[in-house]
Structure formats: C-alpha cells, structure tokens
>>> print(open('coords-v2.cif').read())   # mmCIF, C-alpha atoms
data_final
loop_
_atom_site.label_atom_id
_atom_site.label_comp_id
_atom_site.auth_asym_id
_atom_site.auth_seq_id
_atom_site.Cartn_x
_atom_site.Cartn_y
_atom_site.Cartn_z
CA MET A 8 -18.55 36.06 46.38
CA ASN A 9 -21.68 37.52 47.89
CA LEU A 10 -24.50 35.29 46.80
CA VAL A 11 -28.05 35.43 48.01
CA GLN A 12 -28.54 32.69 50.57
CA TYR A 13 -31.69 30.99 51.74
CA TYR A 14 -31.37 29.03 55.00
CA GLY A 15 -27.59 29.24 54.67
CA LEU A 16 -27.43 27.67 51.22
CA THR A 17 -26.69 29.30 47.89
CA ALA A 18 -28.94 28.75 44.91
CA GLU A 19 -26.46 26.25 43.49
CA GLN A 20 -26.51 24.23 46.69
CA TRP A 21 -30.31 24.30 46.66
CA LEU A 22 -30.26 22.88 43.15
CA GLU A 23 -27.91 20.16 44.35
CA TYR A 24 -30.34 19.44 47.19
CA VAL A 25 -33.25 19.13 44.81
CA GLY A 26 -31.27 16.84 42.49
CA PHE A 27 -30.11 14.72 45.40
CA LEU A 28 -33.58 14.33 46.88
CA GLY A 29 -35.02 13.48 43.46
CA THR A 30 -32.48 10.83 42.50
CA ALA A 31 -32.28 9.35 46.00
CA GLY A 32 -36.07 9.22 46.11
CA VAL A 33 -36.20 7.41 42.77
CA ALA A 34 -33.57 4.92 43.94
CA LEU A 35 -35.20 4.20 47.31
CA VAL A 36 -38.80 4.02 46.08
CA SER A 37 -37.81 1.67 43.25
CA GLY A 38 -35.84 -0.31 45.81
CA LEU A 39 -39.11 -0.85 47.70
CA GLY A 40 -40.61 -1.99 44.40
CA VAL A 41 -37.81 -4.56 44.07
CA LEU A 42 -38.63 -5.80 47.55
CA PHE A 43 -42.37 -6.14 47.33
CA ALA A 44 -43.44 -6.49 43.67
CA ARG A 45 -45.67 -9.54 43.22
CA ARG A 46 -44.33 -10.58 39.82
CA VAL A 47 -40.61 -11.14 39.49
CA LEU A 48 -40.75 -9.39 36.11
CA HIS A 49 -42.06 -6.24 37.79
CA ALA A 50 -39.35 -6.46 40.44
CA ALA A 51 -36.72 -6.63 37.69
CA VAL A 52 -38.19 -3.53 36.01
CA TRP A 53 -38.19 -1.72 39.38
CA LEU A 54 -34.50 -2.64 39.65
CA LEU A 55 -33.92 -0.91 36.31
CA PHE A 56 -35.32 2.35 37.70
CA CYS A 57 -33.36 1.92 40.93
CA LEU A 58 -30.15 1.60 38.91
CA LEU A 59 -31.00 4.76 36.98
CA GLY A 60 -31.51 6.59 40.29
CA VAL A 61 -28.10 5.42 41.48
CA ALA A 62 -26.65 6.64 38.18
CA GLY A 63 -28.11 10.07 38.99
CA LEU A 64 -26.36 9.99 42.37
CA PHE A 65 -23.08 9.21 40.59
CA ALA A 66 -23.60 12.18 38.28
CA LEU A 67 -24.26 14.44 41.29
CA MET A 68 -20.97 13.31 42.80
CA GLY A 69 -19.12 14.27 39.63
CA ALA A 70 -18.34 10.71 38.60
CA HIS A 71 -19.25 11.17 34.96
CA VAL A 72 -17.67 7.96 33.70
CA LEU A 73 -19.51 5.96 36.32
CA PHE A 74 -22.75 7.68 35.39
CA GLY A 75 -22.33 6.50 31.79
CA VAL A 76 -21.14 3.03 32.72
CA GLN A 77 -23.96 2.59 35.21
CA ILE A 78 -26.54 3.36 32.54
CA LEU A 79 -24.83 1.45 29.73
CA VAL A 80 -23.63 -1.64 31.57
CA TYR A 81 -25.81 -1.90 34.66
CA ALA A 82 -29.17 -0.68 33.44
CA GLY A 83 -28.59 -1.45 29.77
CA ALA A 84 -26.96 -4.86 30.02
CA ILE A 85 -27.30 -6.45 33.45
CA ALA A 86 -30.87 -5.41 34.25
CA VAL A 87 -32.02 -6.19 30.71
CA MET A 88 -30.31 -9.58 30.89
CA ILE A 89 -32.16 -10.33 34.13
CA ILE A 90 -35.44 -9.28 32.50
CA PHE A 91 -34.68 -11.59 29.55
CA ALA A 92 -33.94 -14.46 31.94
CA VAL A 93 -37.23 -13.87 33.75
CA LEU A 94 -39.09 -13.92 30.43
CA LEU A 95 -37.29 -17.14 29.40
CA LEU A 96 -38.20 -18.76 32.72
CA GLU A 97 -41.81 -17.64 32.28
CA ARG A 98 -41.83 -19.32 28.86
CA ALA A 99 -40.31 -22.46 30.32
CA THR A 100 -42.86 -22.66 33.12
CA GLY A 101 -45.73 -21.36 30.99
CA ARG A 102 -47.04 -18.79 33.48
CA GLY A 103 -46.07 -15.53 35.12
CA ILE A 104 -43.60 -16.04 37.93
CA LEU A 105 -44.87 -14.81 41.26
CA SER A 106 -42.68 -14.30 44.24
CA GLY A 107 -43.94 -13.70 47.73
CA ASN A 108 -41.82 -12.88 50.73
CA ARG A 109 -41.18 -15.48 53.38
CA HIS A 110 -39.10 -15.38 56.55
CA LEU A 111 -40.39 -11.82 57.03
CA PHE A 112 -39.34 -11.80 60.67
CA ALA A 113 -35.76 -12.81 59.84
CA GLY A 114 -35.64 -10.19 57.09
CA VAL A 115 -36.87 -7.40 59.34
CA VAL A 116 -34.45 -8.43 62.09
CA SER A 117 -31.40 -8.64 59.81
CA ALA A 118 -32.08 -5.45 57.85
CA GLY A 119 -33.14 -3.59 60.99
CA ALA A 120 -30.04 -4.76 62.85
CA PHE A 121 -27.90 -3.52 59.97
CA VAL A 122 -29.46 -0.07 60.09
CA VAL A 123 -29.39 0.06 63.90
CA VAL A 124 -25.69 -0.81 63.93
CA MET A 125 -24.65 1.32 60.97
CA ALA A 126 -26.56 4.56 61.67
CA PRO A 127 -24.94 5.42 65.05
CA THR A 128 -21.53 4.23 63.82
CA LEU A 129 -21.68 6.47 60.77
CA GLY A 130 -23.15 9.29 62.82
CA VAL A 131 -20.29 9.23 65.32
CA ALA A 132 -17.65 8.83 62.62
CA LEU A 133 -19.06 11.68 60.54
CA TRP A 134 -19.46 13.88 63.62
CA ALA A 135 -15.81 13.26 64.46
CA ALA A 136 -14.85 14.16 60.89
CA GLY A 137 -16.92 17.35 61.03
CA TRP A 138 -19.67 16.35 58.58
CA PRO A 139 -17.49 16.60 55.46
CA SER A 140 -19.15 18.27 52.51
CA GLN A 141 -16.08 19.82 50.90
CA THR A 142 -15.13 18.30 47.58
CA ALA A 143 -11.58 17.38 46.81
CA PRO A 144 -9.31 19.83 44.98
CA THR A 145 -8.66 18.86 41.39
CA THR A 146 -6.14 19.76 38.73
CA GLY A 147 -8.89 20.58 36.28
CA GLN A 148 -8.66 17.29 34.42
CA THR A 149 -12.01 16.05 33.22
CA ASN A 150 -13.31 12.95 34.91
CA VAL A 151 -13.15 10.95 31.67
CA ALA A 152 -9.49 11.77 31.06
CA LEU A 153 -8.65 11.06 34.69
CA ILE A 154 -10.30 7.63 34.77
CA GLY A 155 -8.81 6.66 31.42
CA ARG A 156 -5.31 7.65 32.51
CA LEU A 157 -5.61 5.85 35.85
CA PHE A 158 -6.86 2.67 34.17
CA LEU A 159 -3.87 2.56 31.84
CA THR A 160 -1.24 3.51 34.41
CA ARG A 161 -1.77 2.84 38.09
CA HIS A 162 -4.59 0.31 37.79
CA LEU A 163 -3.43 -1.44 34.61
CA LEU A 164 -3.05 -4.87 36.23
CA ALA A 165 -6.54 -4.77 37.75
CA PHE A 166 -7.93 -3.60 34.40
CA GLU A 167 -6.37 -6.52 32.52
CA LEU A 168 -7.30 -9.04 35.21
CA MET A 169 -10.88 -7.82 34.99
CA SER A 170 -11.05 -8.78 31.32
CA VAL A 171 -9.83 -12.29 32.20
CA VAL A 172 -12.44 -12.55 34.95
CA LEU A 173 -15.17 -11.44 32.54
CA LEU A 174 -14.06 -14.02 29.96
CA VAL A 175 -14.02 -16.84 32.52
CA ALA A 176 -17.43 -15.81 33.85
CA MET A 177 -18.98 -15.74 30.37
CA ILE A 178 -17.57 -19.18 29.48
CA GLY A 179 -18.77 -20.51 32.83
CA ALA A 180 -22.24 -19.08 32.30
CA ILE A 181 -22.46 -20.65 28.82
CA VAL A 182 -21.31 -24.05 30.11
CA LEU A 183 -23.74 -23.93 33.03
CA ALA A 184 -26.77 -22.73 31.12
CA ARG A 185 -26.66 -24.91 28.04
CA ALA A 186 -28.67 -28.10 27.69
CA GLU A 187 -27.24 -31.39 28.89
CA ARG A 188 -24.67 -33.10 26.64
CA ARG A 189 -26.10 -36.56 27.33
CA SER A 190 -29.52 -35.76 25.86
CA ASP A 191 -27.79 -34.40 22.73
CA ALA A 192 -25.95 -37.71 22.26
CA GLU A 193 -29.17 -39.69 22.70
CA GLU A 194 -31.08 -37.66 20.18
CA ALA A 195 -28.31 -37.52 17.60
CA PRO A 196 -28.63 -41.07 16.11
CA GLU A 197 -32.42 -40.77 15.80
CA ALA A 198 -32.08 -37.41 14.10
CA GLN A 199 -29.54 -38.82 11.64
CA GLY A 200 -31.67 -41.88 10.90
CA GLY A 201 -34.79 -39.78 10.51
CA GLY A 202 -32.97 -37.36 8.25
CA ALA A 203 -31.62 -40.10 6.02
CA ALA A 204 -35.09 -41.58 5.66
CA HIS A 205 -36.70 -38.29 4.80
CA VAL A 206 -34.13 -36.85 2.43
CA PRO A 207 -35.12 -38.88 -0.72
CA THR A 208 -38.79 -38.05 -0.39
CA GLU A 209 -38.07 -34.38 0.17
CA GLU A 210 -35.84 -34.32 -2.90
CA ALA A 211 -38.33 -36.26 -4.95
CA ARG A 212 -41.21 -33.91 -4.16
CA PRO A 213 -39.98 -30.79 -5.97
CA SER A 214 -38.69 -32.73 -9.05
CA MET B 23 -31.89 28.08 60.73
CA SER B 24 -29.41 26.79 58.20
CA LEU B 25 -29.33 23.51 56.37
CA PRO B 26 -26.09 21.61 55.88
CA PRO B 27 -25.12 21.34 52.19
CA VAL B 28 -25.35 17.94 50.52
CA GLY B 29 -22.36 16.05 51.83
CA LEU B 30 -20.98 12.66 52.74
CA ALA B 31 -23.68 11.97 55.33
CA HIS B 32 -26.52 12.25 52.80
CA TYR B 33 -24.99 9.77 50.38
CA LEU B 34 -24.04 7.35 53.15
CA ALA B 35 -27.60 7.45 54.48
CA VAL B 36 -28.97 6.51 51.05
CA ALA B 37 -26.38 3.73 50.80
CA VAL B 38 -27.30 2.33 54.22
CA LEU B 39 -31.00 2.25 53.34
CA LEU B 40 -30.31 0.66 49.94
CA PHE B 41 -28.09 -2.00 51.51
CA ALA B 42 -30.72 -2.77 54.15
CA MET B 43 -33.31 -3.19 51.37
CA GLY B 44 -30.98 -5.54 49.51
CA LEU B 45 -30.38 -7.57 52.66
CA PHE B 46 -34.13 -7.77 53.27
CA ALA B 47 -34.70 -8.95 49.69
CA VAL B 48 -31.99 -11.62 49.95
CA VAL B 49 -33.43 -12.98 53.19
CA THR B 50 -37.14 -12.84 52.38
CA ARG B 51 -37.59 -13.28 48.63
CA ARG B 52 -39.10 -16.63 47.76
CA HIS B 53 -37.77 -16.71 44.18
CA ALA B 54 -34.09 -17.12 43.33
CA ILE B 55 -34.14 -14.21 40.88
CA GLY B 56 -35.55 -12.01 43.65
CA VAL B 57 -32.50 -12.93 45.72
CA LEU B 58 -30.28 -11.97 42.79
CA LEU B 59 -32.02 -8.57 42.57
CA GLY B 60 -31.33 -8.06 46.27
CA ILE B 61 -27.64 -8.74 45.69
CA GLU B 62 -27.63 -6.13 42.92
CA LEU B 63 -29.11 -3.59 45.36
CA MET B 64 -26.38 -4.31 47.89
CA LEU B 65 -23.65 -3.96 45.26
CA ASN B 66 -25.07 -0.59 44.25
CA ALA B 67 -25.06 0.59 47.86
CA ALA B 68 -21.40 -0.38 48.07
CA SER B 69 -20.61 1.54 44.87
CA ILE B 70 -22.35 4.67 46.23
CA ASN B 71 -20.19 4.40 49.35
CA LEU B 72 -17.00 4.07 47.33
CA VAL B 73 -17.73 7.08 45.15
CA ALA B 74 -18.93 9.19 48.11
CA PHE B 75 -15.78 8.50 50.13
CA ASN B 76 -13.73 9.23 47.03
CA ARG B 77 -15.38 12.63 46.71
CA PHE B 78 -15.73 13.72 50.33
CA GLY B 79 -13.44 11.41 52.27
CA PRO B 80 -10.43 12.38 54.37
CA LEU B 81 -8.12 10.74 51.82
CA VAL B 82 -8.57 13.59 49.38
CA THR B 83 -8.87 16.47 51.81
CA VAL B 84 -5.67 15.61 53.64
CA LYS B 85 -3.70 18.05 51.53
CA PRO B 86 -5.95 21.02 50.84
CA GLY B 87 -5.08 22.96 47.76
CA ALA B 88 -2.56 20.39 46.61
CA GLY B 89 -4.61 19.73 43.50
CA VAL B 90 -4.19 15.97 43.45
CA ASP B 91 -6.68 14.08 41.35
CA MET B 92 -7.84 11.02 43.21
CA ALA B 93 -10.31 8.67 41.57
CA ASP B 94 -9.42 5.35 43.19
CA GLY B 95 -12.92 5.02 44.63
CA GLN B 96 -14.43 5.45 41.18
CA ILE B 97 -12.04 2.82 39.79
CA PHE B 98 -13.20 0.50 42.57
CA ALA B 99 -16.82 1.18 41.67
CA LEU B 100 -16.10 0.35 38.02
CA MET B 101 -14.60 -2.95 39.17
CA VAL B 102 -17.73 -3.60 41.22
CA ILE B 103 -19.88 -3.04 38.12
CA ALA B 104 -17.75 -5.44 36.06
CA LEU B 105 -17.94 -8.09 38.80
CA ALA B 106 -21.68 -7.52 39.08
CA ALA B 107 -21.98 -8.35 35.39
CA CYS B 108 -20.10 -11.62 35.98
CA GLU B 109 -22.21 -12.37 39.03
CA ALA B 110 -25.48 -11.75 37.21
CA ALA B 111 -24.48 -13.93 34.23
CA VAL B 112 -23.30 -16.86 36.36
CA GLY B 113 -26.18 -16.46 38.80
CA LEU B 114 -28.80 -16.56 36.05
CA ALA B 115 -27.09 -19.58 34.49
CA ILE B 116 -27.20 -21.36 37.84
CA ILE B 117 -30.90 -20.49 38.25
CA LEU B 118 -31.73 -21.81 34.77
CA ARG B 119 -29.79 -25.00 35.54
CA LEU B 120 -31.56 -25.30 38.89
CA TYR B 121 -34.88 -25.17 37.10
CA GLN B 122 -33.76 -27.80 34.59
CA THR B 123 -32.53 -30.29 37.19
CA LEU B 124 -34.81 -29.77 40.19
CA ALA B 125 -37.81 -28.10 38.46
CA THR B 126 -37.81 -25.43 41.16
CA VAL B 127 -36.48 -21.91 41.45
CA GLU B 128 -36.94 -21.50 45.17
CA PRO B 129 -33.72 -21.46 47.17
CA ASP B 130 -35.51 -23.10 50.10
CA ASP B 131 -36.37 -26.15 47.99
CA ALA B 132 -32.82 -26.69 46.78
CA ASP B 133 -31.63 -28.13 50.06
CA ARG B 134 -30.05 -31.39 48.91
CA MET B 135 -26.72 -30.44 50.42
CA ARG B 136 -28.28 -29.58 53.76
CA TRP B 137 -26.61 -31.49 56.56
#
>>> encode(input="coords-v2.cif", output="structure tokens")
Amino acid sequence: MNLVQYYGLTAEQWLEYVGFLGTAGVALVSGLGVLFARRVLHAAVWLLFCLLGVAGLFALMGAHVLFGVQILVYAGAIAVMIIFAVLLLERATGRGILSGNRHLFAGVVSAGAFVVVMAPTLGVALWAAGWPSQTAPTTGQTNVALIGRLFLTRHLLAFELMSVVLLVAMIGAIVLARAERRSDAEEAPEAQGGGAAHVPTEEARPS
Amino acid sequence: MSLPPVGLAHYLAVAVLLFAMGLFAVVTRRHAIGVLLGIELMLNAASINLVAFNRFGPLVTVKPGAGVDMADGQIFALMVIALAACEAAVGLAIILRLYQTLATVEPDDADRMRW
C-alpha cells in the first residue's frame, strides 16, 4: 500500500498519535490534580477523570472489554463510591475535608527514585527489543468474544475465585463500617421502654 | 526526520509517570482517602503495563503470522480492577471506622501500634 506519509507516519498512525497524546494528557494532568487538590472531594473527582483517560488508553490498545469495564466499574462504581465516602465523612465532620501534603521531601525522593531507576531500565530493555510497536497477529475474533471465551475456559478458576474474593470483601466492608454492636444493645431497652410508653397516647390521639 | 509510531515505549512511559504520581500521593497525602486515591493511581499504572505488554510484548510476537489470540494481560487487568473494587470498599470501611474510634483520618495520627 502506498499511502501518503508525513514524517514517516501514515495518516492512521498520526490519528493514533493524536488520540494517544490526548488520552495520556488527560490521565497525567488529572493525576496531578489527584496529587495536589486542596479538598479531598476535588481530588476524588480528578481521579474520576484520570480513570477515564486510562480507559481511553485501553481503547487505543484494542482492549475493548477493558475500556467498558474501566468506565463501568472503575469510574462508575469505585470512584463514585469514594466520592460518596468523602461526602459522608464531610457530613460526619460537618466541614469540607482539606488535605495538604506533608513529607514532601520523602515523596519527591521516593517518586523520583522510582522514575530514575525505571526510565533507564525500560529504555535499555526496549532498545534491546527493538522498540516494539508491532501489534500481535489475531485470528479475527472480536475482543469481547475472546475475553469471554478465555474467562470460561482457561481462566475459569481465577474467574470463580474472584467472585468469592468480592463476596468476602463486601461482607468484610459491611462488618467493618457498621456502627458498634455494643451501643445498639445499650440503646435497645430504652427504645423499647420509650416505645411502650408512647404507644397508647399515639393511638389515643387519632381516635 | 521520522517519528516512531505509537508503541510499547509510549504506554510504558505513561505508566511510569502515573505510578510515580501514585507513589508520591501515598507518601505525602495527609488524609487517608488521599492515600487511597494514590493506590488507585498505582493500580491503574500496573493495568496499563499489563495491557501494553499483552499488545506489544515479545510473548505475542514470538510466532509471527501464527494468528494466536493472546489476551492474558487483559485478563490480568480485569482481575486488577476487581481487586481494586475490593480494596476500595475495605479501605473506605477502615477509614470510616478509624474516624469513629480515633476521631481522626490522618494516617500519621493512627500510630497506636508504633513500636
């Protein structure tokens, strides 16, 4: 195929570049928002946009199922749950929750050390591999069919175990987050006594 | 002058930066929920890596033209998302409980078990 090329890239590859830069930019800029937003609520909303940017990256890599799951589960459920929790905490404390950054030096050192170690490592490894940009050959199956088939054949055990893990985590979260049992037991007799005393008057009032 | 097409290196670079941001948030954020958000960032960076290696990695290019569908990296990423849901639910429950018992949400103040 003889396609017009600009700077060695076809028009399709240019489109991919634009999409990549856009989604990666959204993800990284919102990541900075997560880091430095004053209110925790704003940081959680920044996280929502960061997750959507990552979903765009998944779509660019042809992982269509992951694109949908990232939006539905990560942005739609996890991020929204975090936002709900922040709002609940704000109600409990009665004011907006602010969060500064402390240990800035330790943060810069640890994150900087990570980048300083990882960038040359990846650079050398990718250089040795010849900067791979070829995509894998496929049999023409759609991504959805492929993932569904793999989940019910080769990865069936992991799939079923994951449902058990989710169940245990939800039960654990409910047990952890609910109010103390002891205070329920202390309030129960008073509530019963109060109820018994009030019931006749409440019934007498309408009649 | 010719640009390289979007490949493994681009996605790995984004993942490295995202992971470094998550690490920074975990270390520096003063509020426990901020730490949780940092963990979410790091998990996302890991998922990007898994999917990128699945698409461009040597595992799938070892037999060119063989036409083998490999999506193990995407399956891994789906597992990461499911575990992230568990982690967020349990983490938020722990934070709510922390507020109920110690009346604080700062990880630095919850140091009763410090030696």
>>> residues_around(input="coords-v2.cif", residues="range 66-69 of chain A", least_positions_apart="6", cutoff="9 Å", atoms="only C-alpha atoms", output="PyMOL selection string")
(chain A and resi 23+26-27+75+150) or (chain B and resi 73-74+77)
>>> residues_around(input="coords-v2.cif", residues="Leu64 in chain A", least_positions_apart="6", cutoff="9 Å", atoms="all atoms listed in the file", output="number ranges by chain")
A: 26-27, 30-31, 34, 70, 74; B: 33, 70
>>> write_last_selection(input="coords-v2.cif", atoms="C-alpha atoms", output="mmCIF file, in the frame of the given file")
data_model
loop_
_atom_site.group_PDB
_atom_site.id
_atom_site.type_symbol
_atom_site.label_atom_id
_atom_site.label_comp_id
_atom_site.auth_asym_id
_atom_site.auth_seq_id
_atom_site.Cartn_x
_atom_site.Cartn_y
_atom_site.Cartn_z
ATOM 1 C CA GLY A 26 -31.270 16.840 42.490
ATOM 2 C CA PHE A 27 -30.110 14.720 45.400
ATOM 3 C CA THR A 30 -32.480 10.830 42.500
ATOM 4 C CA ALA A 31 -32.280 9.350 46.000
ATOM 5 C CA ALA A 34 -33.570 4.920 43.940
ATOM 6 C CA ALA A 70 -18.340 10.710 38.600
ATOM 7 C CA PHE A 74 -22.750 7.680 35.390
ATOM 8 C CA TYR B 33 -24.990 9.770 50.380
ATOM 9 C CA ILE B 70 -22.350 4.670 46.230
#
>>> residues_around(input="coords-v2.cif", residues="Arg51 in chain B", least_positions_apart="2", cutoff="9 Å", atoms="only C-alpha atoms", output="ChimeraX atom specification")
/A:42-43,106-111 /B:46-49,53-57,60,128
>>> atom_distance(input="coords-v2.cif", atom1="CA of Ala110 in chain B", atom2="CA of Leu183 in chain A")
13.0 Å
>>> resolve_selection(input="coords-v2.cif", expression="the PyMOL selection byres ((chain A and resi 86) around 12)", output="ChimeraX atom specification")
/A:48-59,77-85,87-93 /B:55,58-59,62-63,103,106-107,110-111,114
>>> closest_residue(input="coords-v2.cif", among="A:Ala165, A:Ile104, A:Ala184, A:Val36", to="chain B", atoms="only C-alpha atoms")
A:Ala184
>>> interface_residues(input="coords-v2.cif", of="chain B", to="chain A", cutoff="7 Å", atoms="all atoms listed in the file", output="PyMOL selection string")
chain B and resi 23-25+27-31+36+38+40+42-43+45-47+49-53+56+77-78+82-83+86-91+93+100+103+107-108+110-112+114-116+118-119
>>> atom_distance(input="coords-v2.cif", atom1="CA of Ile61 in chain B", atom2="CA of Arg98 in chain A")
24.4 Å
>>> atom_distance(input="coords-v2.cif", atom1="CA of Ser69 in chain B", atom2="CA of Gly95 in chain B")
8.4 Å
>>> closest_residue(input="coords-v2.cif", among="B:Leu39, B:Leu120, B:Ala68, B:Ala99", to="Ala132 in chain B", atoms="all atoms listed in the file")
B:Leu120
